[in-house]
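This is data-v7.pdb. It holds PDB, C-alpha atoms.
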MODEL        1
ATOM      1  CA  MET F   1     -11.675  17.348  22.083
ATOM      2  CA  ARG F   2      -9.138  16.778  24.826
ATOM      3  CA  ASP F   3      -6.929  14.456  22.739
ATOM      4  CA  VAL F   4      -6.275  17.006  20.018
ATOM      5  CA  ASP F   5      -3.014  18.991  20.109
ATOM      6  CA  ARG F   6      -4.345  22.524  19.852
ATOM      7  CA  THR F   7      -0.914  24.159  19.799
ATOM      8  CA  LEU F   8      -0.427  22.974  16.201
ATOM      9  CA  ILE F   9      -3.916  24.099  15.227
ATOM     10  CA  ARG F  10      -3.379  27.552  16.717
ATOM     11  CA  GLU F  11      -0.113  27.939  14.808
ATOM     12  CA  ASN F  12      -1.842  26.896  11.579
ATOM     13  CA  LEU F  13      -4.735  29.287  12.119
ATOM     14  CA  LYS F  14      -2.261  32.186  12.158
ATOM     15  CA  LEU F  15      -1.385  31.345   8.532
ATOM     16  CA  THR F  16      -3.358  32.063   5.366
ATOM     17  CA  PRO F  17      -4.967  29.082   3.568
ATOM     18  CA  GLY F  18      -2.254  29.295   0.902
ATOM     19  CA  GLU F  19       0.504  29.299   3.513
ATOM     20  CA  ARG F  20      -1.051  26.218   5.134
ATOM     21  CA  LEU F  21      -1.019  24.449   1.764
ATOM     22  CA  ARG F  22       2.662  25.292   1.217
ATOM     23  CA  LYS F  23       3.452  24.125   4.749
ATOM     24  CA  LEU F  24       1.734  20.782   4.077
ATOM     25  CA  GLU F  25       3.700  20.356   0.857
ATOM     26  CA  ALA F  26       6.979  21.068   2.685
ATOM     27  CA  MET F  27       6.045  18.610   5.442
ATOM     28  CA  VAL F  28       5.242  15.878   2.937
ATOM     29  CA  GLY F  29       8.611  16.513   1.257
ATOM     30  CA  SER F  30      10.418  16.276   4.608
ATOM     31  CA  ALA F  31       8.555  13.103   5.567
ATOM     32  CA  GLU F  32       9.494  11.510   2.248
ATOM     33  CA  ALA F  33      13.152  12.514   2.669
ATOM     34  CA  LEU F  34      13.193  10.951   6.147
ATOM     35  CA  ARG F  35      11.491   7.827   4.871
ATOM     36  CA  GLY F  36      14.136   7.506   2.145
ATOM     37  CA  ALA F  37      16.965   8.046   4.644
ATOM     38  CA  GLY F  38      15.458   5.402   6.941
ATOM     39  CA  ALA F  39      15.162   2.899   4.104
ATOM     40  CA  ARG F  40      18.787   3.517   3.067
ATOM     41  CA  ALA F  41      19.965   3.124   6.675
ATOM     42  CA  MET F  42      18.075  -0.157   7.042
ATOM     43  CA  ALA F  43      19.508  -1.423   3.754
ATOM     44  CA  SER F  44      23.100  -0.589   4.714
ATOM     45  CA  ARG F  45      22.562  -2.154   8.154
ATOM     46  CA  ALA F  46      21.514  -5.399   6.503
ATOM     47  CA  GLU F  47      24.876  -5.409   4.725
ATOM     48  CA  TRP F  48      26.879  -5.133   7.981
ATOM     49  CA  PRO F  49      28.826  -8.263   8.951
ATOM     50  CA  GLN F  50      27.129 -10.187  11.749
ATOM     51  CA  LYS F  51      29.003 -10.542  15.071
ATOM     52  CA  ALA F  52      30.075 -14.084  15.911
TER      53      ALA F  52
ATOM     54  CA  MET J  53       6.589  11.622  -6.868
ATOM     55  CA  ILE J  54       4.122  12.532  -4.135
ATOM     56  CA  GLY J  55       2.777  15.707  -2.631
ATOM     57  CA  GLY J  56       2.971  18.043  -5.638
ATOM     58  CA  PHE J  57      -0.331  19.539  -4.586
ATOM     59  CA  ILE J  58       0.254  23.087  -5.811
ATOM     60  CA  SER J  59       1.579  21.870  -9.180
ATOM     61  CA  ILE J  60      -1.510  19.721  -9.686
ATOM     62  CA  LEU J  61      -3.831  22.554  -8.669
ATOM     63  CA  ARG J  62      -2.013  24.964 -10.994
ATOM     64  CA  LEU J  63      -2.306  22.527 -13.888
ATOM     65  CA  LEU J  64      -6.042  22.068 -13.360
ATOM     66  CA  ALA J  65      -6.606  25.798 -12.908
ATOM     67  CA  ASP J  66      -4.673  26.506 -16.136
ATOM     68  CA  PHE J  67      -7.102  24.240 -17.998
ATOM     69  CA  GLN J  68     -10.098  25.841 -16.217
ATOM     70  CA  VAL J  69     -11.223  22.539 -14.714
ATOM     71  CA  ASP J  70     -14.114  22.919 -12.278
ATOM     72  CA  PHE J  71     -13.288  21.094  -9.052
ATOM     73  CA  ILE J  72     -13.401  21.445  -5.270
ATOM     74  CA  VAL J  73     -10.592  20.350  -2.938
ATOM     75  CA  VAL J  74     -11.863  17.989  -0.230
ATOM     76  CA  GLY J  75     -10.256  15.426   2.098
ATOM     77  CA  GLY J  76      -6.997  15.817   3.971
ATOM     78  CA  VAL J  77      -5.620  18.653   1.855
ATOM     79  CA  ALA J  78      -8.835  20.622   2.464
ATOM     80  CA  GLY J  79      -8.391  19.871   6.173
ATOM     81  CA  ASN J  80      -4.886  21.346   6.056
ATOM     82  CA  ILE J  81      -6.088  24.429   4.195
ATOM     83  CA  LEU J  82      -8.621  24.855   7.009
ATOM     84  CA  GLY J  83      -5.964  24.510   9.730
ATOM     85  CA  SER J  84      -5.415  20.791  10.305
ATOM     86  CA  ALA J  85      -1.920  19.530  11.110
ATOM     87  CA  ARG J  86      -2.493  16.002   9.801
ATOM     88  CA  LEU J  87      -0.132  14.860   7.086
ATOM     89  CA  THR J  88      -1.728  13.643   3.870
ATOM     90  CA  TYR J  89      -0.196  12.343   0.678
ATOM     91  CA  ASP J  90      -2.996  12.526  -1.858
ATOM     92  CA  LEU J  91      -5.141  15.278  -3.253
ATOM     93  CA  ASP J  92      -8.883  14.552  -3.215
ATOM     94  CA  LEU J  93     -10.942  16.524  -5.698
ATOM     95  CA  VAL J  94     -14.666  16.531  -6.396
ATOM     96  CA  TYR J  95     -15.024  17.405 -10.068
ATOM     97  CA  LYS J  96     -17.929  18.623 -12.175
ATOM     98  CA  ARG J  97     -19.344  15.869 -14.383
ATOM     99  CA  SER J  98     -20.266  18.058 -17.372
ATOM    100  CA  ARG J  99     -18.941  17.033 -20.767
ATOM    101  CA  VAL J 100     -16.935  20.250 -21.118
ATOM    102  CA  ASN J 101     -15.307  19.716 -17.746
ATOM    103  CA  LEU J 102     -14.486  16.075 -18.468
ATOM    104  CA  GLU J 103     -12.793  17.188 -21.678
ATOM    105  CA  ARG J 104     -10.791  19.775 -19.753
ATOM    106  CA  LEU J 105      -9.770  17.134 -17.199
ATOM    107  CA  VAL J 106      -8.505  14.868 -19.961
ATOM    108  CA  ARG J 107      -6.574  17.683 -21.654
ATOM    109  CA  ALA J 108      -5.027  18.724 -18.324
ATOM    110  CA  LEU J 109      -4.065  15.336 -16.950
ATOM    111  CA  ALA J 110      -3.415  13.088 -19.961
ATOM    112  CA  PRO J 111       0.076  14.600 -20.533
ATOM    113  CA  VAL J 112       1.101  13.745 -16.920
ATOM    114  CA  HIS J 113       0.385  10.041 -17.407
ATOM    115  CA  PRO J 114      -2.562   9.135 -15.130
ATOM    116  CA  TYR J 115      -2.576   5.514 -14.018
ATOM    117  CA  LEU J 116      -4.612   3.595 -11.460
ATOM    118  CA  ARG J 117      -2.747   4.025  -8.176
ATOM    119  CA  GLY J 118      -1.566   0.748  -6.687
ATOM    120  CA  ALA J 119      -2.514  -1.270  -9.765
ATOM    121  CA  PRO J 120       0.083  -3.553 -11.343
ATOM    122  CA  PRO J 121       1.854  -1.991 -14.318
ATOM    123  CA  GLY J 122       0.672  -2.782 -17.810
ATOM    124  CA  LEU J 123      -3.095  -2.718 -17.279
ATOM    125  CA  PRO J 124      -5.013  -1.356 -20.256
ATOM    126  CA  PHE J 125      -6.016   1.949 -18.650
ATOM    127  CA  THR J 126      -6.637   4.895 -20.941
ATOM    128  CA  PHE J 127      -7.423   8.257 -19.408
ATOM    129  CA  ASP J 128      -9.883   9.640 -21.922
ATOM    130  CA  LEU J 129     -13.404  11.028 -22.142
ATOM    131  CA  LYS J 130     -14.937   7.566 -22.474
ATOM    132  CA  THR J 131     -13.202   6.317 -19.317
ATOM    133  CA  LEU J 132     -14.325   9.363 -17.343
ATOM    134  CA  ARG J 133     -17.915   9.096 -18.582
ATOM    135  CA  ASN J 134     -18.108   5.385 -17.767
ATOM    136  CA  GLY J 135     -16.558   5.748 -14.326
ATOM    137  CA  LEU J 136     -17.125   8.050 -11.372
ATOM    138  CA  ASN J 137     -14.331   7.966  -8.791
ATOM    139  CA  PHE J 138     -10.715   7.454  -9.877
ATOM    140  CA  THR J 139      -7.709   6.874  -7.618
ATOM    141  CA  LEU J 140      -4.793   7.993  -9.737
ATOM    142  CA  ALA J 141      -1.049   8.351  -9.707
ATOM    143  CA  ILE J 142       0.221  11.048 -12.066
ATOM    144  CA  ASP J 143       3.707  12.429 -12.694
ATOM    145  CA  LEU J 144       3.026  15.226 -10.188
ATOM    146  CA  GLY J 145       1.684  13.107  -7.331
ATOM    147  CA  ALA J 146      -1.351  11.204  -6.134
ATOM    148  CA  VAL J 147      -4.781  12.531  -6.999
ATOM    149  CA  ASP J 148      -8.268  11.149  -6.382
ATOM    150  CA  LEU J 149     -10.933  12.358  -8.792
ATOM    151  CA  LEU J 150     -14.316  12.009  -7.146
ATOM    152  CA  GLY J 151     -17.547  12.416  -9.075
ATOM    153  CA  GLU J 152     -19.538  11.894  -5.909
ATOM    154  CA  VAL J 153     -18.718  11.640  -2.218
ATOM    155  CA  PRO J 154     -20.652  10.511   0.871
ATOM    156  CA  GLY J 155     -22.005  13.490   2.765
ATOM    157  CA  GLY J 156     -20.935  15.983   0.135
ATOM    158  CA  ARG J 157     -22.533  14.383  -2.894
ATOM    159  CA  THR J 158     -21.743  16.085  -6.208
ATOM    160  CA  TYR J 159     -19.751  19.153  -7.277
ATOM    161  CA  GLU J 160     -22.965  21.148  -7.674
ATOM    162  CA  GLU J 161     -24.177  20.240  -4.180
ATOM    163  CA  LEU J 162     -20.805  21.003  -2.653
ATOM    164  CA  LEU J 163     -20.273  24.321  -4.447
ATOM    165  CA  PRO J 164     -22.376  26.513  -2.086
ATOM    166  CA  HIS J 165     -20.361  25.079   0.821
ATOM    167  CA  SER J 166     -16.973  25.925  -0.646
ATOM    168  CA  PHE J 167     -14.754  28.999  -0.668
ATOM    169  CA  GLU J 168     -12.089  30.272  -3.025
ATOM    170  CA  VAL J 169      -8.369  30.044  -2.293
ATOM    171  CA  ASP J 170      -5.797  32.110  -4.172
ATOM    172  CA  GLU J 171      -2.321  30.687  -3.710
ATOM    173  CA  GLN J 172       0.108  32.885  -5.623
ATOM    174  CA  GLY J 173      -2.210  33.230  -8.588
ATOM    175  CA  VAL J 174      -3.494  29.651  -8.480
ATOM    176  CA  ARG J 175      -7.201  29.989  -7.775
ATOM    177  CA  PHE J 176      -9.292  27.022  -6.737
ATOM    178  CA  LYS J 177     -12.241  26.090  -4.544
ATOM    179  CA  CYS J 178     -11.961  24.308  -1.212
ATOM    180  CA  VAL J 179     -14.779  22.777   0.809
ATOM    181  CA  GLY J 180     -15.741  24.597   4.000
ATOM    182  CA  LEU J 181     -15.153  23.290   7.500
ATOM    183  CA  GLN J 182     -18.721  22.289   8.400
ATOM    184  CA  ARG J 183     -19.266  20.385   5.171
ATOM    185  CA  LEU J 184     -15.891  18.665   5.471
ATOM    186  CA  ILE J 185     -16.881  17.444   8.939
ATOM    187  CA  ALA J 186     -20.194  16.181   7.497
ATOM    188  CA  MET J 187     -18.339  14.380   4.703
ATOM    189  CA  LYS J 188     -15.943  12.726   7.155
ATOM    190  CA  ASN J 189     -18.901  11.684   9.324
ATOM    191  CA  ALA J 190     -20.618  10.135   6.329
ATOM    192  CA  ALA J 191     -17.452   8.297   5.250
ATOM    193  CA  GLY J 192     -17.243   6.823   8.742
ATOM    194  CA  ARG J 193     -13.775   5.194   8.582
ATOM    195  CA  PRO J 194     -11.653   5.057  11.781
ATOM    196  CA  LYS J 195      -9.221   7.632  10.363
ATOM    197  CA  ASP J 196     -12.147   9.945   9.609
ATOM    198  CA  PHE J 197     -13.189  10.017  13.261
ATOM    199  CA  GLU J 198      -9.683  11.100  14.274
ATOM    200  CA  ALA J 199      -9.833  13.825  11.638
ATOM    201  CA  ILE J 200     -13.288  14.918  12.821
ATOM    202  CA  ALA J 201     -11.989  15.435  16.370
ATOM    203  CA  GLU J 202      -9.318  17.778  15.033
ATOM    204  CA  LEU J 203     -11.710  19.593  12.667
ATOM    205  CA  ARG J 204     -14.136  20.186  15.556
ATOM    206  CA  ALA J 205     -11.254  21.564  17.597
ATOM    207  CA  ILE J 206     -10.485  23.954  14.700
ATOM    208  CA  GLN J 207     -14.138  24.990  14.706
ATOM    209  CA  GLU J 208     -13.995  25.667  18.450
ATOM    210  CA  GLU J 209     -10.766  27.660  18.092
ATOM    211  CA  GLN J 210     -12.334  29.792  15.367
ATOM    212  CA  GLU J 211     -15.491  30.344  17.398
ATOM    213  CA  GLY J 212     -13.323  31.323  20.352
ATOM    214  CA  GLU J 213     -11.482  33.874  18.207
ATOM    215  CA  SER J 214     -14.679  35.436  16.892
ATOM    216  CA  ARG J 215     -16.139  35.967  20.367
TER     217      ARG J 215
ENDMDL
END
Go through the file and emit its structure as C-alpha cells.
Amino acid sequence: MRDVDRTLIRENLKLTPGERLRKLEAMVGSAEALRGAGARAMASRAEWPQKA
Amino acid sequence: MIGGFISILRLLADFQVDFIVVGGVAGNILGSARLTYDLDLVYKRSRVNLERLVRALAPVHPYLRGAPPGLPFTFDLKTLRNGLNFTLAIDLGAVDLLGEVPGGRTYEELLPHSFEVDEQGVRFKCVGLQRLIAMKNAAGRPKDFEAIAELRAIQEEQEGESR
C-alpha cells in the first residue's frame, strides 16, 4: 500500500464516523463551489477580446 | 444539488426505512479520504420497507439520474417491486438504491456485517470495512481497485493502533 497517502487516513481516523461524514459533505460542497468558479472563469475568458 | 448526504439519511431515518450505507460514503465513514458525490444504499426488499421508501422519497422528486427529462418514470411501489437497483437524482442529491450488490448481496446478508452510526440523532447502518473491501473486489472496476488499496491501508492503520 505504498501509493496510498496515509497522512489523510490518519487524520480521518482521529474523527468519529459522524465527523467523517460531515467532513465529506463539506468537501463535496467546496469542490462544487470551485467547479462553479472554474466554469464561470472559463466562460468570462471566452468573452475576452482576442489579441490581433 | 449534490452531496446532501446527511439530509437524505435523516429523511430515510425519519420514515424508518431499513437500509445500509455502502460505497464511497461508507468508505469515508470508515476513514477514506476519497471524494464521492452519490450515496449508495442497500435497502430491504420487504413490502413494508418499499412503502416507506416511496413515502420518504416521492416528495423529493426522484428521477433517473442522467436520463433525458420527460421520461415516464414514476417512483411508486410498483416501480420498486419491478426493479432492483435504481440510480436516482432527488432534490437533496444523488442516491443509488441497491436491492442487491456484488460481494455484499442483499440487505439481510449485509446486516451482520454492518454497524450503527449516530450522527446528531440521525441513526443509520453502515457496512463494515472488511465487507466493503469484499464488495469492491467483487465489483472489480478500475476505480474499485484504487479504493481497495486505501481501504486496506485503513485496515492496517487500525490494526497498528490496536497492537
Counting all atoms listed in the file, collect the residues of chain J whose closest atom lies at most 6 Å from chain F, and write them out as a VMD selection string. chain J and resid 55 81 83 171 202
Glu152 (chain J): which residues within 9 Å, counting all atoms listed in the file, same-chain residues fewer than 2 positions away excluded, as a list in words? Val94, Tyr95, Leu136, Asn137, Leu150, Pro154, Gly156, Arg157, Thr158 and Tyr159 of chain J
Expressed in Å to a single decimal, how great is the separation between CA of His113 (chain J) and CA of Gln172 (chain J)?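 Computing it gives 25.7 Å between the two atoms.
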Residues matched by the PyMOL selection byres ((chain J and resi 117) around 9), written as JSON, numbers by chain: {"J": [114, 115, 116, 118, 119, 120, 138, 139, 140, 141, 142, 146, 147]}
Write out the residues from the selection above, keeping C-alpha atoms, as a compact mmCIF listing (two decimals), in the coordinates of the input.
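New file out11.txt:
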# COMPACT_ATOMS: atom_id res chain seq x y z
CA PRO J 114 -2.56 9.14 -15.13
CA TYR J 115 -2.58 5.51 -14.02
CA LEU J 116 -4.61 3.60 -11.46
CA GLY J 118 -1.57 0.75 -6.69
CA ALA J 119 -2.51 -1.27 -9.76
CA PRO J 120 0.08 -3.55 -11.34
CA PHE J 138 -10.72 7.45 -9.88
CA THR J 139 -7.71 6.87 -7.62
CA LEU J 140 -4.79 7.99 -9.74
CA ALA J 141 -1.05 8.35 -9.71
CA ILE J 142 0.22 11.05 -12.07
CA ALA J 146 -1.35 11.20 -6.13
CA VAL J 147 -4.78 12.53 -7.00
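CA of Leu34 (chain F) to CA of Ile60 (chain J) spans 23.3 Å [interatomic distance, one decimal].
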Separation of CA of Gly122 (chain J) and CA of Phe57 (chain J), in Å?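 Calculated distance between CA of Gly122 (chain J) and CA of Phe57 (chain J) is 26.0 Å.
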What does the PyMOL selection byres ((chain J and resi 200) around 10) select in this file, as a list in words? Met1 of chain F; Gly79, Leu184, Ile185, Ala186, Met187, Lys188, Asn189, Gly192, Lys195, Asp196, Phe197, Glu198, Ala199, Ala201, Glu202, Leu203, Arg204, Ala205 and Ile206 of chain J
Please produce an output containing C-alpha atoms for each residue in the selection, written as a tab-separated table (two decimals), keeping the file's coordinate frame.
chain	number	residue	atom	x	y	z
F	1	MET	CA	-11.68	17.35	22.08
J	79	GLY	CA	-8.39	19.87	6.17
J	184	LEU	CA	-15.89	18.66	5.47
J	185	ILE	CA	-16.88	17.44	8.94
J	186	ALA	CA	-20.19	16.18	7.50
J	187	MET	CA	-18.34	14.38	4.70
J	188	LYS	CA	-15.94	12.73	7.16
J	189	ASN	CA	-18.90	11.68	9.32
J	192	GLY	CA	-17.24	6.82	8.74
J	195	LYS	CA	-9.22	7.63	10.36
J	196	ASP	CA	-12.15	9.94	9.61
J	197	PHE	CA	-13.19	10.02	13.26
J	198	GLU	CA	-9.68	11.10	14.27
J	199	ALA	CA	-9.83	13.82	11.64
J	201	ALA	CA	-11.99	15.44	16.37
J	202	GLU	CA	-9.32	17.78	15.03
J	203	LEU	CA	-11.71	19.59	12.67
J	204	ARG	CA	-14.14	20.19	15.56
J	205	ALA	CA	-11.25	21.56	17.60
J	206	ILE	CA	-10.48	23.95	14.70
Incomplete region 11-40 of chain F filled out to N, CA and C atoms as a PDB file, in the frame of the given file:
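Written out: selection_37.pdb:
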ATOM      1  N   GLU F  11      -1.178  27.454  15.700  1.00  0.00           N
ATOM      2  CA  GLU F  11      -0.113  27.939  14.808  1.00  0.00           C
ATOM      3  C   GLU F  11      -0.622  27.987  13.364  1.00  0.00           C
ATOM      4  N   ASN F  12      -1.327  26.946  12.959  1.00  0.00           N
ATOM      5  CA  ASN F  12      -1.842  26.896  11.579  1.00  0.00           C
ATOM      6  C   ASN F  12      -2.867  27.996  11.324  1.00  0.00           C
ATOM      7  N   LEU F  13      -3.686  28.283  12.321  1.00  0.00           N
ATOM      8  CA  LEU F  13      -4.735  29.287  12.119  1.00  0.00           C
ATOM      9  C   LEU F  13      -4.173  30.710  11.999  1.00  0.00           C
ATOM     10  N   LYS F  14      -2.909  30.876  12.357  1.00  0.00           N
ATOM     11  CA  LYS F  14      -2.261  32.186  12.158  1.00  0.00           C
ATOM     12  C   LYS F  14      -1.860  32.386  10.697  1.00  0.00           C
ATOM     13  N   LEU F  15      -1.819  31.292   9.935  1.00  0.00           N
ATOM     14  CA  LEU F  15      -1.385  31.345   8.532  1.00  0.00           C
ATOM     15  C   LEU F  15      -2.580  31.559   7.606  1.00  0.00           C
ATOM     16  N   THR F  16      -2.300  31.989   6.375  1.00  0.00           N
ATOM     17  CA  THR F  16      -3.358  32.063   5.366  1.00  0.00           C
ATOM     18  C   THR F  16      -3.585  30.652   4.807  1.00  0.00           C
ATOM     19  N   PRO F  17      -4.744  30.405   4.170  1.00  0.00           N
ATOM     20  CA  PRO F  17      -4.967  29.082   3.568  1.00  0.00           C
ATOM     21  C   PRO F  17      -3.840  28.676   2.616  1.00  0.00           C
ATOM     22  N   GLY F  18      -3.348  29.606   1.824  1.00  0.00           N
ATOM     23  CA  GLY F  18      -2.254  29.295   0.902  1.00  0.00           C
ATOM     24  C   GLY F  18      -0.973  28.916   1.633  1.00  0.00           C
ATOM     25  N   GLU F  19      -0.694  29.625   2.703  1.00  0.00           N
ATOM     26  CA  GLU F  19       0.504  29.299   3.513  1.00  0.00           C
ATOM     27  C   GLU F  19       0.379  27.914   4.134  1.00  0.00           C
ATOM     28  N   ARG F  20      -0.832  27.557   4.555  1.00  0.00           N
ATOM     29  CA  ARG F  20      -1.051  26.218   5.134  1.00  0.00           C
ATOM     30  C   ARG F  20      -0.798  25.142   4.085  1.00  0.00           C
ATOM     31  N   LEU F  21      -1.224  25.418   2.850  1.00  0.00           N
ATOM     32  CA  LEU F  21      -1.019  24.449   1.764  1.00  0.00           C
ATOM     33  C   LEU F  21       0.477  24.280   1.494  1.00  0.00           C
ATOM     34  N   ARG F  22       1.208  25.378   1.447  1.00  0.00           N
ATOM     35  CA  ARG F  22       2.662  25.292   1.217  1.00  0.00           C
ATOM     36  C   ARG F  22       3.350  24.564   2.362  1.00  0.00           C
ATOM     37  N   LYS F  23       2.875  24.803   3.587  1.00  0.00           N
ATOM     38  CA  LYS F  23       3.452  24.125   4.749  1.00  0.00           C
ATOM     39  C   LYS F  23       3.229  22.611   4.640  1.00  0.00           C
ATOM     40  N   LEU F  24       2.020  22.215   4.250  1.00  0.00           N
ATOM     41  CA  LEU F  24       1.734  20.782   4.077  1.00  0.00           C
ATOM     42  C   LEU F  24       2.673  20.179   3.036  1.00  0.00           C
ATOM     43  N   GLU F  25       2.843  20.883   1.922  1.00  0.00           N
ATOM     44  CA  GLU F  25       3.700  20.356   0.857  1.00  0.00           C
ATOM     45  C   GLU F  25       5.141  20.190   1.354  1.00  0.00           C
ATOM     46  N   ALA F  26       5.621  21.159   2.128  1.00  0.00           N
ATOM     47  CA  ALA F  26       6.979  21.068   2.685  1.00  0.00           C
ATOM     48  C   ALA F  26       7.080  19.893   3.666  1.00  0.00           C
ATOM     49  N   MET F  27       6.033  19.713   4.467  1.00  0.00           N
ATOM     50  CA  MET F  27       6.045  18.610   5.442  1.00  0.00           C
ATOM     51  C   MET F  27       6.049  17.250   4.757  1.00  0.00           C
ATOM     52  N   VAL F  28       5.279  17.137   3.690  1.00  0.00           N
ATOM     53  CA  VAL F  28       5.242  15.878   2.937  1.00  0.00           C
ATOM     54  C   VAL F  28       6.618  15.605   2.337  1.00  0.00           C
ATOM     55  N   GLY F  29       7.260  16.667   1.808  1.00  0.00           N
ATOM     56  CA  GLY F  29       8.611  16.513   1.257  1.00  0.00           C
ATOM     57  C   GLY F  29       9.598  16.053   2.319  1.00  0.00           C
ATOM     58  N   SER F  30       9.518  16.649   3.508  1.00  0.00           N
ATOM     59  CA  SER F  30      10.418  16.276   4.608  1.00  0.00           C
ATOM     60  C   SER F  30      10.172  14.837   5.042  1.00  0.00           C
ATOM     61  N   ALA F  31       8.891  14.473   5.148  1.00  0.00           N
ATOM     62  CA  ALA F  31       8.555  13.103   5.567  1.00  0.00           C
ATOM     63  C   ALA F  31       9.098  12.088   4.572  1.00  0.00           C
ATOM     64  N   GLU F  32       8.986  12.417   3.285  1.00  0.00           N
ATOM     65  CA  GLU F  32       9.494  11.510   2.248  1.00  0.00           C
ATOM     66  C   GLU F  32      11.013  11.391   2.307  1.00  0.00           C
ATOM     67  N   ALA F  33      11.689  12.529   2.566  1.00  0.00           N
ATOM     68  CA  ALA F  33      13.152  12.514   2.669  1.00  0.00           C
ATOM     69  C   ALA F  33      13.579  11.637   3.852  1.00  0.00           C
ATOM     70  N   LEU F  34      12.878  11.769   4.964  1.00  0.00           N
ATOM     71  CA  LEU F  34      13.193  10.951   6.147  1.00  0.00           C
ATOM     72  C   LEU F  34      12.925   9.476   5.884  1.00  0.00           C
ATOM     73  N   ARG F  35      11.824   9.220   5.189  1.00  0.00           N
ATOM     74  CA  ARG F  35      11.491   7.827   4.871  1.00  0.00           C
ATOM     75  C   ARG F  35      12.595   7.206   3.994  1.00  0.00           C
ATOM     76  N   GLY F  36      13.070   7.982   3.024  1.00  0.00           N
ATOM     77  CA  GLY F  36      14.136   7.506   2.145  1.00  0.00           C
ATOM     78  C   GLY F  36      15.419   7.256   2.919  1.00  0.00           C
ATOM     79  N   ALA F  37      15.748   8.192   3.835  1.00  0.00           N
ATOM     80  CA  ALA F  37      16.965   8.046   4.644  1.00  0.00           C
ATOM     81  C   ALA F  37      16.864   6.808   5.531  1.00  0.00           C
ATOM     82  N   GLY F  38      15.679   6.584   6.098  1.00  0.00           N
ATOM     83  CA  GLY F  38      15.458   5.402   6.941  1.00  0.00           C
ATOM     84  C   GLY F  38      15.629   4.116   6.150  1.00  0.00           C
ATOM     85  N   ALA F  39      15.063   4.104   4.950  1.00  0.00           N
ATOM     86  CA  ALA F  39      15.162   2.899   4.104  1.00  0.00           C
ATOM     87  C   ALA F  39      16.613   2.620   3.734  1.00  0.00           C
ATOM     88  N   ARG F  40      17.374   3.700   3.429  1.00  0.00           N
ATOM     89  CA  ARG F  40      18.787   3.517   3.067  1.00  0.00           C
ATOM     90  C   ARG F  40      19.570   2.998   4.268  1.00  0.00           C
TER      91      ARG F  40
END
